$ cat query_38.txt   # compact mmCIF, C-alpha atoms
# COMPACT_ATOMS: atom_id res chain seq x y z
CA MET X 1 -13.56 -30.48 0.18
CA SER X 2 -16.61 -29.37 -1.77
CA VAL X 3 -18.79 -26.44 -2.74
CA GLU X 4 -21.16 -27.49 0.07
CA HIS X 5 -18.30 -27.23 2.58
CA MET X 6 -17.50 -23.70 1.38
CA ARG X 7 -21.16 -22.69 1.64
CA ASP X 8 -21.20 -24.01 5.20
CA LEU X 9 -18.07 -22.02 6.09
CA LEU X 10 -19.53 -18.87 4.54
CA SER X 11 -22.70 -19.31 6.58
CA ARG X 12 -20.64 -19.74 9.74
CA ALA X 13 -18.57 -16.68 8.85
CA ASN X 14 -21.74 -14.61 8.54
CA ARG X 15 -22.67 -15.60 12.08
CA ALA X 16 -19.23 -15.35 13.69
CA LEU X 17 -17.63 -12.40 11.88
CA VAL X 18 -19.05 -8.89 11.53
CA GLY X 19 -20.39 -8.61 7.99
CA GLY X 20 -19.10 -12.11 7.29
CA SER X 21 -15.70 -10.68 6.40
CA LEU X 22 -12.32 -9.77 7.87
CA GLY X 23 -12.55 -6.07 6.99
CA MET X 24 -13.42 -3.89 4.03
CA PHE X 25 -12.83 -6.57 1.37
CA GLN X 26 -16.18 -8.19 0.68
CA LEU X 27 -17.51 -9.97 -2.40
CA PRO X 28 -21.15 -10.47 -3.44
CA ASP X 29 -22.72 -13.57 -1.92
CA ASP X 30 -22.68 -15.47 -5.22
CA LEU X 31 -18.92 -14.86 -5.61
CA ALA X 32 -17.79 -15.12 -1.97
CA LEU X 33 -14.79 -17.37 -1.37
CA VAL X 34 -13.00 -19.15 1.44
CA PHE X 35 -9.38 -20.03 0.72
CA SER X 36 -7.46 -23.05 1.90
CA HIS X 37 -3.94 -22.47 0.59
CA GLY X 38 -1.74 -20.74 -1.94
CA ALA X 39 1.24 -21.80 -4.02
CA GLY X 40 3.28 -19.45 -6.19
CA SER X 41 0.95 -17.35 -8.32
CA ARG X 42 -2.11 -19.46 -7.45
CA VAL X 43 -4.57 -19.45 -4.57
CA PHE X 44 -7.06 -22.27 -3.93
CA ASP X 45 -10.51 -22.19 -2.36
CA VAL X 46 -11.84 -24.88 -0.04
CA ALA X 47 -13.88 -26.32 -2.92
CA GLY X 48 -10.62 -27.08 -4.73
CA ARG X 49 -10.79 -24.36 -7.40
CA ALA X 50 -7.61 -22.55 -8.40
CA TYR X 51 -7.28 -18.84 -9.16
CA ILE X 52 -4.41 -16.77 -10.50
CA ASP X 53 -3.84 -14.38 -7.61
CA CYS X 54 -3.80 -10.69 -8.53
CA VAL X 55 -4.48 -9.53 -4.96
CA LEU X 56 -1.42 -11.10 -3.27
CA GLY X 57 -2.70 -10.46 0.25
CA SER X 58 -3.25 -6.79 -0.76
CA GLY X 59 0.36 -6.56 -1.84
CA PRO X 60 2.74 -8.27 0.61
CA LEU X 61 3.24 -11.44 -1.45
CA ILE X 62 5.55 -9.95 -4.06
CA LEU X 63 7.20 -13.39 -4.28
CA GLY X 64 3.88 -15.22 -4.46
CA HIS X 65 2.48 -17.70 -1.99
CA ALA X 66 4.67 -19.99 0.12
CA HIS X 67 7.94 -19.01 -1.54
CA PRO X 68 10.49 -21.69 -0.51
CA ALA X 69 13.02 -19.17 0.81
CA VAL X 70 10.41 -17.38 2.92
CA VAL X 71 8.91 -20.63 4.22
CA ALA X 72 12.36 -21.91 5.20
CA ALA X 73 13.21 -18.65 7.00
CA ILE X 74 9.94 -18.68 8.95
CA GLN X 75 10.24 -22.35 9.90
CA LYS X 76 13.80 -21.88 11.10
CA GLN X 77 12.89 -18.91 13.28
CA VAL X 78 9.66 -20.38 14.69
CA ALA X 79 11.67 -23.34 15.97
CA LEU X 80 13.95 -20.87 17.77
CA GLY X 81 11.17 -18.72 19.21
CA SER X 82 8.27 -16.72 17.80
CA THR X 83 8.55 -13.50 19.81
CA PHE X 84 10.75 -11.94 22.49
CA TYR X 85 9.51 -8.33 22.90
CA THR X 86 13.10 -7.16 22.77
CA LEU X 87 16.14 -7.05 20.52
CA ASN X 88 16.68 -10.05 18.30
CA GLU X 89 19.12 -10.73 15.49
CA PRO X 90 16.64 -10.85 12.54
CA ALA X 91 15.19 -7.44 13.50
CA ILE X 92 18.65 -5.87 13.70
CA LEU X 93 19.68 -7.37 10.35
CA LEU X 94 16.44 -6.24 8.66
CA ALA X 95 16.85 -2.70 10.00
CA GLU X 96 20.38 -2.62 8.54
CA LYS X 97 19.06 -3.85 5.19
CA LEU X 98 16.40 -1.11 5.11
CA ILE X 99 18.99 1.55 5.90
CA GLU X 100 21.19 0.21 3.11
CA ALA X 101 18.38 0.42 0.55
CA ILE X 102 16.22 3.42 1.48
CA PRO X 103 17.67 6.86 0.62
CA CYS X 104 16.09 8.73 3.55
CA ALA X 105 16.80 6.07 6.19
CA GLU X 106 19.50 6.50 8.81
CA THR X 107 17.57 4.64 11.48
CA VAL X 108 14.41 2.55 11.78
CA ARG X 109 11.52 1.93 14.17
CA PHE X 110 9.50 -1.24 13.55
CA VAL X 111 5.73 -1.53 14.04
CA ALA X 112 3.20 -4.21 13.14
CA THR X 113 1.07 -2.63 10.37
CA GLY X 114 1.14 0.04 7.73
CA SER X 115 -1.67 1.92 9.49
CA GLU X 116 0.47 2.08 12.61
CA ALA X 117 3.51 3.21 10.61
CA ASP X 118 1.62 6.15 9.09
CA HIS X 119 0.05 7.06 12.42
CA TYR X 120 3.42 7.10 14.15
CA ALA X 121 5.16 8.97 11.32
CA VAL X 122 2.68 11.82 11.75
CA ARG X 123 3.12 11.74 15.51
CA ILE X 124 6.92 11.85 15.12
CA ALA X 125 6.65 14.86 12.81
CA ARG X 126 4.44 16.68 15.32
CA ALA X 127 6.83 15.98 18.19
CA PHE X 128 9.86 17.01 16.17
CA THR X 129 8.39 20.28 14.87
CA GLY X 130 6.18 21.21 17.83
CA ARG X 131 3.32 21.85 15.40
CA ASP X 132 -0.04 20.11 14.98
CA LYS X 133 -1.46 20.47 11.46
CA VAL X 134 -0.97 17.89 8.70
CA LEU X 135 -1.58 18.21 4.96
CA LYS X 136 -2.63 15.13 3.01
CA PHE X 137 -4.00 14.57 -0.49
CA GLU X 138 -7.56 13.73 -1.45
CA GLY X 139 -7.85 10.07 -2.32
CA GLY X 140 -4.60 9.19 -0.58
CA TRP X 141 -4.78 6.04 1.52
CA HIS X 142 -2.82 5.97 4.79
CA GLY X 143 -4.61 3.20 6.64
CA GLY X 144 -7.26 3.09 9.30
CA ASN X 145 -5.90 5.85 11.52
CA ASP X 146 -7.35 9.36 11.65
CA VAL X 147 -5.08 10.81 8.97
CA GLY X 148 -5.82 7.82 6.73
CA GLN X 149 -9.55 8.32 7.04
CA MET X 150 -9.54 12.00 6.10
CA SER X 151 -10.86 12.39 2.53
CA ALA X 152 -9.49 9.00 1.49
CA SER X 153 -12.50 8.24 -0.70
CA PRO X 154 -15.01 11.10 -0.63
CA ALA X 155 -18.00 10.68 -2.90
CA GLN X 156 -17.81 14.37 -3.84
CA PRO X 157 -14.26 15.69 -4.40
CA GLY X 158 -13.39 19.25 -3.51
CA GLY X 159 -14.04 21.59 -0.63
CA TYR X 160 -10.31 22.10 -0.09
CA PRO X 161 -8.71 22.37 2.38
CA THR X 162 -11.48 21.06 4.68
CA PRO X 163 -11.29 17.26 5.06
CA GLN X 164 -14.24 14.89 4.81
CA PRO X 165 -13.86 12.03 7.34
CA ASP X 166 -14.55 8.64 5.74
CA SER X 167 -15.33 6.98 9.06
CA ASP X 168 -17.65 7.73 11.90
CA GLY X 169 -16.07 7.84 15.33
CA ILE X 170 -13.57 10.60 14.51
CA PRO X 171 -14.27 13.64 16.72
CA GLU X 172 -15.09 16.76 14.71
CA ARG X 173 -12.44 18.77 16.56
CA ILE X 174 -9.73 16.47 15.18
CA THR X 175 -10.53 17.41 11.58
CA ALA X 176 -9.36 20.96 12.30
CA ASP X 177 -5.77 19.71 12.41
CA TYR X 178 -5.90 18.32 8.86
CA LEU X 179 -5.75 20.04 5.49
CA VAL X 180 -6.58 18.39 2.18
CA ALA X 181 -5.36 19.21 -1.33
CA PRO X 182 -5.84 17.53 -4.72
CA PHE X 183 -3.01 15.21 -5.73
CA ASN X 184 -0.80 16.49 -8.57
CA ASP X 185 -1.87 20.11 -8.07
CA LEU X 186 1.31 21.75 -6.81
CA GLU X 187 -0.17 25.26 -6.95
CA ILE X 188 -2.94 24.48 -4.45
CA ALA X 189 -0.69 22.35 -2.22
CA ALA X 190 2.14 24.88 -2.12
CA GLY X 191 -0.33 27.68 -1.43
CA LEU X 192 -1.75 25.81 1.55
CA ILE X 193 1.72 25.00 2.83
CA GLU X 194 2.76 28.65 2.61
CA ARG X 195 -0.44 29.84 4.29
CA HIS X 196 -0.18 27.39 7.19
CA ARG X 197 3.61 27.11 7.42
CA SER X 198 3.79 28.17 11.06
CA ASP X 199 1.30 25.49 12.15
CA LEU X 200 2.13 22.70 9.70
CA ALA X 201 4.06 19.72 11.09
CA ALA X 202 3.97 17.44 8.06
CA VAL X 203 2.88 16.76 4.53
CA ILE X 204 2.10 13.08 3.97
CA VAL X 205 1.77 11.68 0.47
CA GLU X 206 1.74 8.43 -1.43
CA PRO X 207 4.35 9.14 -4.13
CA LEU X 208 2.26 6.88 -6.36
CA GLN X 209 -1.21 7.71 -5.03
CA ARG X 210 -2.97 4.37 -5.13
CA THR X 211 -2.26 3.99 -8.86
CA ILE X 212 -2.02 7.66 -9.92
CA ARG X 213 1.46 8.64 -11.08
CA PRO X 214 2.93 11.94 -9.91
CA ARG X 215 3.20 14.64 -12.54
CA PRO X 216 6.77 15.72 -13.34
CA GLY X 217 7.76 18.33 -10.77
CA PHE X 218 4.98 17.58 -8.27
CA LEU X 219 7.02 15.62 -5.72
CA GLU X 220 10.02 17.87 -6.34
CA GLY X 221 7.87 20.91 -5.61
CA LEU X 222 6.58 19.40 -2.36
CA ARG X 223 10.15 18.66 -1.35
CA GLU X 224 11.29 22.22 -2.00
CA VAL X 225 8.47 24.05 -0.19
CA THR X 226 8.44 21.75 2.85
CA GLN X 227 12.20 21.93 3.19
CA ARG X 228 12.11 25.70 3.00
CA HIS X 229 9.72 25.94 5.95
CA GLY X 230 11.04 23.12 8.12
CA ILE X 231 7.97 20.95 7.50
CA VAL X 232 8.45 17.17 7.59
CA LEU X 233 7.74 15.52 4.22
CA ILE X 234 6.49 11.95 4.70
CA PHE X 235 6.37 9.42 1.87
CA ASP X 236 3.90 6.62 2.49
CA GLU X 237 5.76 3.80 0.76
CA ILE X 238 3.70 0.97 2.20
CA VAL X 239 2.80 -0.03 -1.38
CA THR X 240 5.72 1.38 -3.39
CA GLY X 241 8.57 0.35 -1.09
CA PHE X 242 10.75 -2.39 -2.63
CA ARG X 243 8.08 -2.75 -5.34
CA LEU X 244 8.85 0.02 -7.83
CA ALA X 245 12.60 -0.24 -7.20
CA TRP X 246 15.05 -1.51 -4.60
CA GLY X 247 15.01 1.98 -3.06
CA GLY X 248 11.25 2.34 -3.55
CA ALA X 249 9.56 5.41 -5.00
CA GLN X 250 12.39 7.56 -3.65
CA GLU X 251 14.71 5.84 -6.10
CA ARG X 252 12.14 5.51 -8.87
CA TYR X 253 11.12 9.20 -8.86
CA GLY X 254 14.35 10.74 -7.56
CA VAL X 255 12.89 12.63 -4.58
CA VAL X 256 14.02 11.97 -1.00
CA PRO X 257 11.57 12.75 1.85
CA ASP X 258 12.31 13.30 5.53
CA LEU X 259 10.41 10.26 6.77
CA ALA X 260 9.05 7.21 4.99
CA THR X 261 6.83 4.33 5.97
CA PHE X 262 7.32 0.80 4.66
CA GLY X 263 5.26 -2.39 4.92
CA LYS X 264 3.83 -5.14 2.72
CA THR X 265 6.95 -6.18 0.76
CA ILE X 266 9.29 -6.00 3.77
CA SER X 267 7.08 -8.43 5.70
CA GLY X 268 7.18 -11.59 3.59
CA GLY X 269 3.44 -11.95 4.23
CA THR X 270 3.62 -11.42 8.01
CA PRO X 271 2.47 -8.41 10.09
CA LEU X 272 5.47 -6.06 9.91
CA ALA X 273 6.02 -2.42 8.95
CA ALA X 274 8.51 0.35 9.65
CA VAL X 275 9.07 4.08 9.96
CA CYS X 276 12.43 5.22 8.56
CA GLY X 277 14.22 8.55 8.57
CA PRO X 278 17.24 10.61 9.59
CA ARG X 279 18.55 10.13 13.11
CA GLU X 280 17.79 13.75 14.05
CA ILE X 281 14.05 13.29 13.53
CA MET X 282 13.75 9.66 14.60
CA GLU X 283 15.54 10.38 17.88
CA VAL X 284 12.24 11.64 19.32
CA THR X 285 11.18 7.95 19.52
CA ASN X 286 14.19 7.08 21.71
CA PRO X 287 12.81 6.05 25.14
CA ARG X 288 15.90 7.61 26.72
CA GLN X 289 14.46 10.96 25.56
CA LYS X 290 11.40 10.75 27.78
CA GLY X 291 11.42 13.63 30.24
CA LYS X 292 14.46 15.23 28.61
CA GLY X 293 13.03 16.70 25.43
CA PRO X 294 10.55 15.96 22.63
CA TYR X 295 9.47 12.33 22.96
CA THR X 296 7.07 10.14 20.97
CA PHE X 297 5.81 6.79 22.19
CA VAL X 298 6.35 4.17 19.45
CA SER X 299 6.17 0.68 20.89
CA GLY X 300 4.15 -2.51 20.62
CA THR X 301 4.09 -6.15 21.65
CA PHE X 302 5.08 -7.43 18.23
CA ASN X 303 7.35 -4.64 16.98
CA GLY X 304 10.41 -6.19 15.36
CA ASN X 305 8.95 -9.67 15.68
CA PRO X 306 11.71 -12.16 14.73
CA VAL X 307 9.44 -14.32 12.55
CA GLY X 308 8.31 -11.32 10.52
CA ALA X 309 11.85 -9.94 10.32
CA SER X 310 13.15 -13.32 9.11
CA ALA X 311 10.45 -13.44 6.43
CA GLY X 312 11.34 -9.89 5.43
CA LEU X 313 15.05 -10.67 5.15
CA ALA X 314 14.33 -13.68 2.94
CA THR X 315 12.03 -11.60 0.72
CA LEU X 316 14.55 -8.79 0.29
CA ALA X 317 17.29 -11.30 -0.54
CA GLU X 318 15.17 -12.60 -3.41
CA LEU X 319 14.27 -9.11 -4.61
CA ARG X 320 17.95 -8.16 -4.63
CA LYS X 321 18.76 -10.82 -7.22
CA PRO X 322 19.65 -9.57 -10.74
CA GLY X 323 16.75 -8.96 -13.10
CA VAL X 324 13.90 -9.06 -10.56
CA TYR X 325 12.85 -5.41 -10.95
CA ALA X 326 13.27 -5.51 -14.72
CA ARG X 327 10.90 -8.48 -14.71
CA LEU X 328 8.36 -6.77 -12.43
CA HIS X 329 8.26 -3.71 -14.68
CA ALA X 330 8.10 -5.84 -17.82
CA ILE X 331 5.01 -7.74 -16.69
CA GLY X 332 3.41 -4.51 -15.49
CA ASP X 333 4.02 -2.89 -18.86
CA ARG X 334 2.72 -5.97 -20.67
CA PHE X 335 -0.46 -5.90 -18.59
CA LYS X 336 -1.05 -2.25 -19.44
CA GLU X 337 -0.37 -2.62 -23.16
CA GLU X 338 -2.39 -5.79 -23.70
CA VAL X 339 -5.42 -4.89 -21.56
CA GLU X 340 -5.66 -1.41 -23.10
CA GLY X 341 -5.30 -3.01 -26.52
CA ILE X 342 -8.12 -5.47 -25.84
CA ALA X 343 -10.40 -2.67 -24.67
CA ARG X 344 -9.48 -0.46 -27.62
CA ARG X 345 -10.42 -3.21 -30.10
CA ARG X 346 -13.82 -3.42 -28.42
CA GLY X 347 -14.30 0.35 -28.48
CA LEU X 348 -14.20 0.64 -24.69
CA PRO X 349 -12.79 3.76 -22.99
CA VAL X 350 -10.20 2.08 -20.74
CA ARG X 351 -6.94 3.25 -19.20
CA VAL X 352 -4.61 1.07 -17.16
CA GLU X 353 -3.06 3.30 -14.51
CA GLY X 354 -0.19 2.62 -12.12
CA ASP X 355 3.51 1.87 -12.31
CA GLY X 356 5.56 -1.29 -12.36
CA PRO X 357 3.70 -4.32 -10.98
CA VAL X 358 0.81 -2.37 -9.39
CA ARG X 359 -1.93 -1.47 -11.88
CA GLN X 360 -5.59 -0.55 -12.07
CA VAL X 361 -8.08 -0.83 -14.92
CA MET X 362 -10.24 2.29 -15.16
CA PHE X 363 -13.14 2.94 -17.49
CA THR X 364 -12.34 6.47 -18.60
CA ASP X 365 -11.02 8.31 -21.62
CA ARG X 366 -9.44 11.16 -19.63
CA GLU X 367 -6.03 11.40 -18.03
CA VAL X 368 -6.17 10.33 -14.38
CA LEU X 369 -4.32 12.92 -12.28
CA SER X 370 -6.33 13.11 -9.05
CA TRP X 371 -9.19 11.63 -7.04
CA LYS X 372 -11.60 13.81 -9.03
CA ASP X 373 -10.68 11.84 -12.15
CA VAL X 374 -11.13 8.55 -10.31
CA VAL X 375 -14.64 9.52 -9.20
CA ALA X 376 -15.46 10.65 -12.75
CA SER X 377 -14.54 7.25 -14.19
CA ASP X 378 -17.13 4.45 -14.53
CA ASN X 379 -16.41 2.68 -11.26
CA GLN X 380 -19.51 0.49 -11.46
CA ARG X 381 -18.34 -0.94 -14.75
CA ALA X 382 -14.85 -1.49 -13.29
CA ARG X 383 -16.38 -3.48 -10.41
CA GLN X 384 -18.44 -5.49 -12.88
CA LEU X 385 -15.27 -6.29 -14.80
CA GLY X 386 -13.78 -7.58 -11.56
CA TYR X 387 -16.78 -9.86 -10.94
CA GLU X 388 -16.43 -11.28 -14.44
CA LEU X 389 -12.71 -11.89 -13.89
CA LEU X 390 -13.47 -13.80 -10.69
CA LYS X 391 -15.80 -16.06 -12.67
CA ARG X 392 -12.92 -16.70 -15.08
CA GLY X 393 -10.33 -17.78 -12.54
CA LEU X 394 -8.62 -14.53 -11.54
CA PHE X 395 -8.68 -13.51 -7.89
CA VAL X 396 -8.96 -9.71 -8.02
CA THR X 397 -10.24 -6.78 -6.02
CA PRO X 398 -13.26 -5.73 -8.12
CA GLY X 399 -12.73 -2.14 -9.20
CA GLY X 400 -9.37 -1.97 -7.39
CA LYS X 401 -5.69 -2.59 -7.86
CA THR X 402 -4.10 -5.46 -9.73
CA TYR X 403 -0.93 -6.66 -7.99
CA LEU X 404 1.59 -8.66 -10.00
CA SER X 405 4.40 -10.69 -8.48
CA ALA X 406 7.86 -11.94 -9.35
CA VAL X 407 6.40 -15.42 -9.84
CA HIS X 408 3.69 -14.51 -12.33
CA SER X 409 4.98 -16.36 -15.40
CA ASP X 410 4.58 -15.52 -19.06
CA GLU X 411 1.92 -18.24 -19.17
CA ASP X 412 0.12 -16.58 -16.24
CA MET X 413 0.22 -13.25 -18.01
CA GLY X 414 -1.28 -14.83 -21.12
CA LEU X 415 -4.11 -16.33 -19.06
CA ILE X 416 -4.68 -13.00 -17.27
CA CYS X 417 -5.03 -11.21 -20.61
CA GLU X 418 -7.31 -13.95 -21.99
CA ALA X 419 -9.54 -13.58 -18.95
CA HIS X 420 -9.75 -9.82 -19.58
CA GLU X 421 -10.67 -10.49 -23.21
CA GLU X 422 -13.61 -12.65 -22.11
CA ALA X 423 -14.59 -10.36 -19.23
CA PHE X 424 -14.69 -7.30 -21.49
CA LYS X 425 -17.17 -9.16 -23.69
CA ALA X 426 -19.46 -9.62 -20.72
CA VAL X 427 -19.09 -6.04 -19.55
$ encode --input "query_38.txt" --output "structure tokens"
Amino acid sequence: MSVEHMRDLLSRANRALVGGSLGMFQLPDDLALVFSHGAGSRVFDVAGRAYIDCVLGSGPLILGHAHPAVVAAIQKQVALGSTFYTLNEPAILLAEKLIEAIPCAETVRFVATGSEADHYAVRIARAFTGRDKVLKFEGGWHGGNDVGQMSASPAQPGGYPTPQPDSDGIPERITADYLVAPFNDLEIAAGLIERHRSDLAAVIVEPLQRTIRPRPGFLEGLREVTQRHGIVLIFDEIVTGFRLAWGGAQERYGVVPDLATFGKTISGGTPLAAVCGPREIMEVTNPRQKGKGPYTFVSGTFNGNPVGASAGLATLAELRKPGVYARLHAIGDRFKEEVEGIARRRGLPVRVEGDGPVRQVMFTDREVLSWKDVVASDNQRARQLGYELLKRGLFVTPGGKTYLSAVHSDEDMGLICEAHEEAFKAV
């Protein structure tokens, strides 16, 4: 393989794929990459260059690339059959494991993606309550569905509670069913919940919003006011589930929602996600309910796919081993301390936000509590930092999250910090 081969593939991608990419992740032409394989904490492009991977497939690869236990589980299941569209043993066992770990879970419905999980969680809440409106938080990411694309990344924060759709193709009438509040502002959120309590089906929130930590009392306050008015509180734990703790953000922050969505870490790098909750609410997805009471369609060709479930079971078995979460938090804390220290020595206004092994470098000297603070930071400089890190052998999302895995070694962490030292010089 060679640089010429990668250039040829990139040219072909530009002709065959819209925008020359697979979605919203796109690098400048001079930094564009085509990967051939990954191993542990490294990913390799088709020209043979290695990168320390701080993207990890946008989070699923918490055990790194091609972990032996996950590979063995997938190979074993593929030889037995790749899909059945019905009950299979790995799916049943994974559902039991989720119920064991997740505080709010009494029963589970599998789907294929996190976007689907959030979409269906909102639909379940609407069917269960008989109400239509949904409150979400500005800057919160809930996938490509309509709720996910309401004020997920508005250029101008504010205008609460009217949402700003981030995507064309969403009918204007649909926006009337959504309310938006600033994250970490319990006064505004609780006021909106009280005002719309008779119409509000759900409040959906990332307990760690992208990389913004919840203020003490914020999640607790949401729990209290939603519970008081019979409104379904949904935690989007696609990122935080089995990453911040074995029981996810619910365990980490000590607040239990009504419904929760999980993906990424439970998939072992395959397309798999889940909606979890108490039997009373989840029963609306029971096909035996159709025609007899509230019923929500939640089904799909690959729901509970045995290959994905087998990969998920293998991943959770590794995460359950002693010391894994202590290690994940230790490397996350080291990243924060060392990168902030490097920036401080250079006189740069930098904060490393996030929790555990999911972090984000922001060029700001103010506390980051909401999307307004994100927009106020120097995002162009953060993207430039990412470009410089790519040149120095780190695969990153420029201006976005840094994901760390259980297989990032102390040596890896040293190299990651050295790359930041050099990249800060360039920035």
$ residues_near_point --input "query_38.txt" --point "(-11.5, 4.2, 11.6)" --cutoff "6 Å" --atoms "only C-alpha atoms" --output "JSON list (two decimals) with C-alpha atoms, keeping the file's coordinate frame"
[["chain", "number", "residue", "atom", "x", "y", "z"],
["X", 144, "GLY", "CA", -7.26, 3.09, 9.30],
["X", 145, "ASN", "CA", -5.90, 5.85, 11.52],
["X", 167, "SER", "CA", -15.33, 6.98, 9.06]]
$ closest_residue --input "query_38.txt" --among "X:Ala343, X:Val407, X:Val239, X:Leu389" --to "Gly59 (chain X)" --atoms "all atoms listed in the file"
X:Val239
$ closest_residue --input "query_38.txt" --among "X:Val396, X:Tyr295, X:Ala13, X:Ile331" --to "Asp412 (chain X)" --atoms "all atoms listed in the file"
X:Ile331
$ closest_residue --input "query_38.txt" --among "X:Arg327, X:Arg197, X:Arg351, X:His408" --to "Gly40 (chain X)" --atoms "only C-alpha atoms"
X:His408
$ closest_residue --input "query_38.txt" --among "X:Phe424, X:Phe242, X:Tyr387, X:Phe183" --to "Gly268 (chain X)" --atoms "all atoms listed in the file"
X:Phe242
$ residues_around --input "query_38.txt" --residues "Gly241 (chain X)" --least-positions-apart "6" --cutoff "8 Å" --atoms "all atoms listed in the file" --output "JSON, numbers by chain"
{"X": [247, 248, 249, 262, 263, 265]}
$ closest_residue --input "query_38.txt" --among "X:Leu179, X:Leu17, X:Ala101, X:Ala326" --to "Lys133 (chain X)" --atoms "only C-alpha atoms"
X:Leu179
$ residues_around --input "query_38.txt" --residues "Thr402 (chain X)" --least-positions-apart "5" --cutoff "7 Å" --atoms "only C-alpha atoms" --output "list in words"
Cys54, Val55, Val358, Arg359, Gln360 and Val396 of chain X
$ write_last_selection --input "query_38.txt" --atoms "C-alpha atoms" --output "mmCIF file, in the frame of the given file"
data_model
loop_
_atom_site.group_PDB
_atom_site.id
_atom_site.type_symbol
_atom_site.label_atom_id
_atom_site.label_comp_id
_atom_site.auth_asym_id
_atom_site.auth_seq_id
_atom_site.Cartn_x
_atom_site.Cartn_y
_atom_site.Cartn_z
ATOM 1 C CA CYS X 54 -3.800 -10.690 -8.530
ATOM 2 C CA VAL X 55 -4.480 -9.530 -4.960
ATOM 3 C CA VAL X 358 0.810 -2.370 -9.390
ATOM 4 C CA ARG X 359 -1.930 -1.470 -11.880
ATOM 5 C CA GLN X 360 -5.590 -0.550 -12.070
ATOM 6 C CA VAL X 396 -8.960 -9.710 -8.020
#
$ residues_near_point --input "query_38.txt" --point "(-3.6, 5.6, -9.1)" --cutoff "12 Å" --atoms "all atoms listed in the file" --output "ChimeraX atom specification"
/X:138-141,183-184,206-215,239-240,351-356,358-362,367-375,399-402
$ closest_residue --input "query_38.txt" --among "X:Val78, X:Ala189, X:Leu135, X:Ala155" --to "Ala202 (chain X)" --atoms "all atoms listed in the file"
X:Leu135
$ atom_distance --input "query_38.txt" --atom1 "CA of Asp199 (chain X)" --atom2 "CA of Gly130 (chain X)"
8.6 Å
$ decode --input "query_38.txt" --residues "region 284-297 of chain X" --atoms "N, CA and C atoms" --output "PDB file, in the first residue's frame"
ATOM      1  N   VAL X 284     -45.756  -0.831  26.664  1.00  0.00           N
ATOM      2  CA  VAL X 284     -46.433  -0.288  25.489  1.00  0.00           C
ATOM      3  C   VAL X 284     -45.784  -0.769  24.190  1.00  0.00           C
ATOM      4  N   THR X 285     -44.572  -1.331  24.265  1.00  0.00           N
ATOM      5  CA  THR X 285     -43.910  -1.862  23.060  1.00  0.00           C
ATOM      6  C   THR X 285     -44.232  -3.335  22.842  1.00  0.00           C
ATOM      7  N   ASN X 286     -45.007  -3.934  23.723  1.00  0.00           N
ATOM      8  CA  ASN X 286     -45.366  -5.353  23.611  1.00  0.00           C
ATOM      9  C   ASN X 286     -46.342  -5.525  22.438  1.00  0.00           C
ATOM     10  N   PRO X 287     -45.987  -6.300  21.414  1.00  0.00           N
ATOM     11  CA  PRO X 287     -46.905  -6.458  20.273  1.00  0.00           C
ATOM     12  C   PRO X 287     -48.253  -7.059  20.650  1.00  0.00           C
ATOM     13  N   ARG X 288     -48.307  -7.742  21.794  1.00  0.00           N
ATOM     14  CA  ARG X 288     -49.592  -8.283  22.251  1.00  0.00           C
ATOM     15  C   ARG X 288     -50.548  -7.170  22.689  1.00  0.00           C
ATOM     16  N   GLN X 289     -49.997  -5.952  22.866  1.00  0.00           N
ATOM     17  CA  GLN X 289     -50.805  -4.807  23.296  1.00  0.00           C
ATOM     18  C   GLN X 289     -51.586  -4.178  22.144  1.00  0.00           C
ATOM     19  N   LYS X 290     -51.164  -4.455  20.917  1.00  0.00           N
ATOM     20  CA  LYS X 290     -51.762  -3.763  19.781  1.00  0.00           C
ATOM     21  C   LYS X 290     -53.262  -4.038  19.710  1.00  0.00           C
ATOM     22  N   GLY X 291     -54.038  -2.960  19.696  1.00  0.00           N
ATOM     23  CA  GLY X 291     -55.479  -3.075  19.638  1.00  0.00           C
ATOM     24  C   GLY X 291     -56.143  -3.224  20.990  1.00  0.00           C
ATOM     25  N   LYS X 292     -55.337  -3.307  22.057  1.00  0.00           N
ATOM     26  CA  LYS X 292     -55.886  -3.515  23.392  1.00  0.00           C
ATOM     27  C   LYS X 292     -55.612  -2.352  24.341  1.00  0.00           C
ATOM     28  N   GLY X 293     -54.756  -1.448  23.913  1.00  0.00           N
ATOM     29  CA  GLY X 293     -54.377  -0.328  24.777  1.00  0.00           C
ATOM     30  C   GLY X 293     -53.256   0.445  24.122  1.00  0.00           C
ATOM     31  N   PRO X 294     -52.576   1.339  24.850  1.00  0.00           N
ATOM     32  CA  PRO X 294     -51.467   2.082  24.264  1.00  0.00           C
ATOM     33  C   PRO X 294     -50.425   1.126  23.669  1.00  0.00           C
ATOM     34  N   TYR X 295     -50.025   1.400  22.448  1.00  0.00           N
ATOM     35  CA  TYR X 295     -49.073   0.509  21.768  1.00  0.00           C
ATOM     36  C   TYR X 295     -48.104   1.343  20.942  1.00  0.00           C
ATOM     37  N   THR X 296     -46.817   0.986  21.003  1.00  0.00           N
ATOM     38  CA  THR X 296     -45.770   1.656  20.245  1.00  0.00           C
ATOM     39  C   THR X 296     -45.025   0.629  19.413  1.00  0.00           C
ATOM     40  N   PHE X 297     -44.952   0.867  18.129  1.00  0.00           N
ATOM     41  CA  PHE X 297     -44.171   0.002  17.252  1.00  0.00           C
ATOM     42  C   PHE X 297     -42.689   0.221  17.507  1.00  0.00           C
TER      43      PHE X 297
END
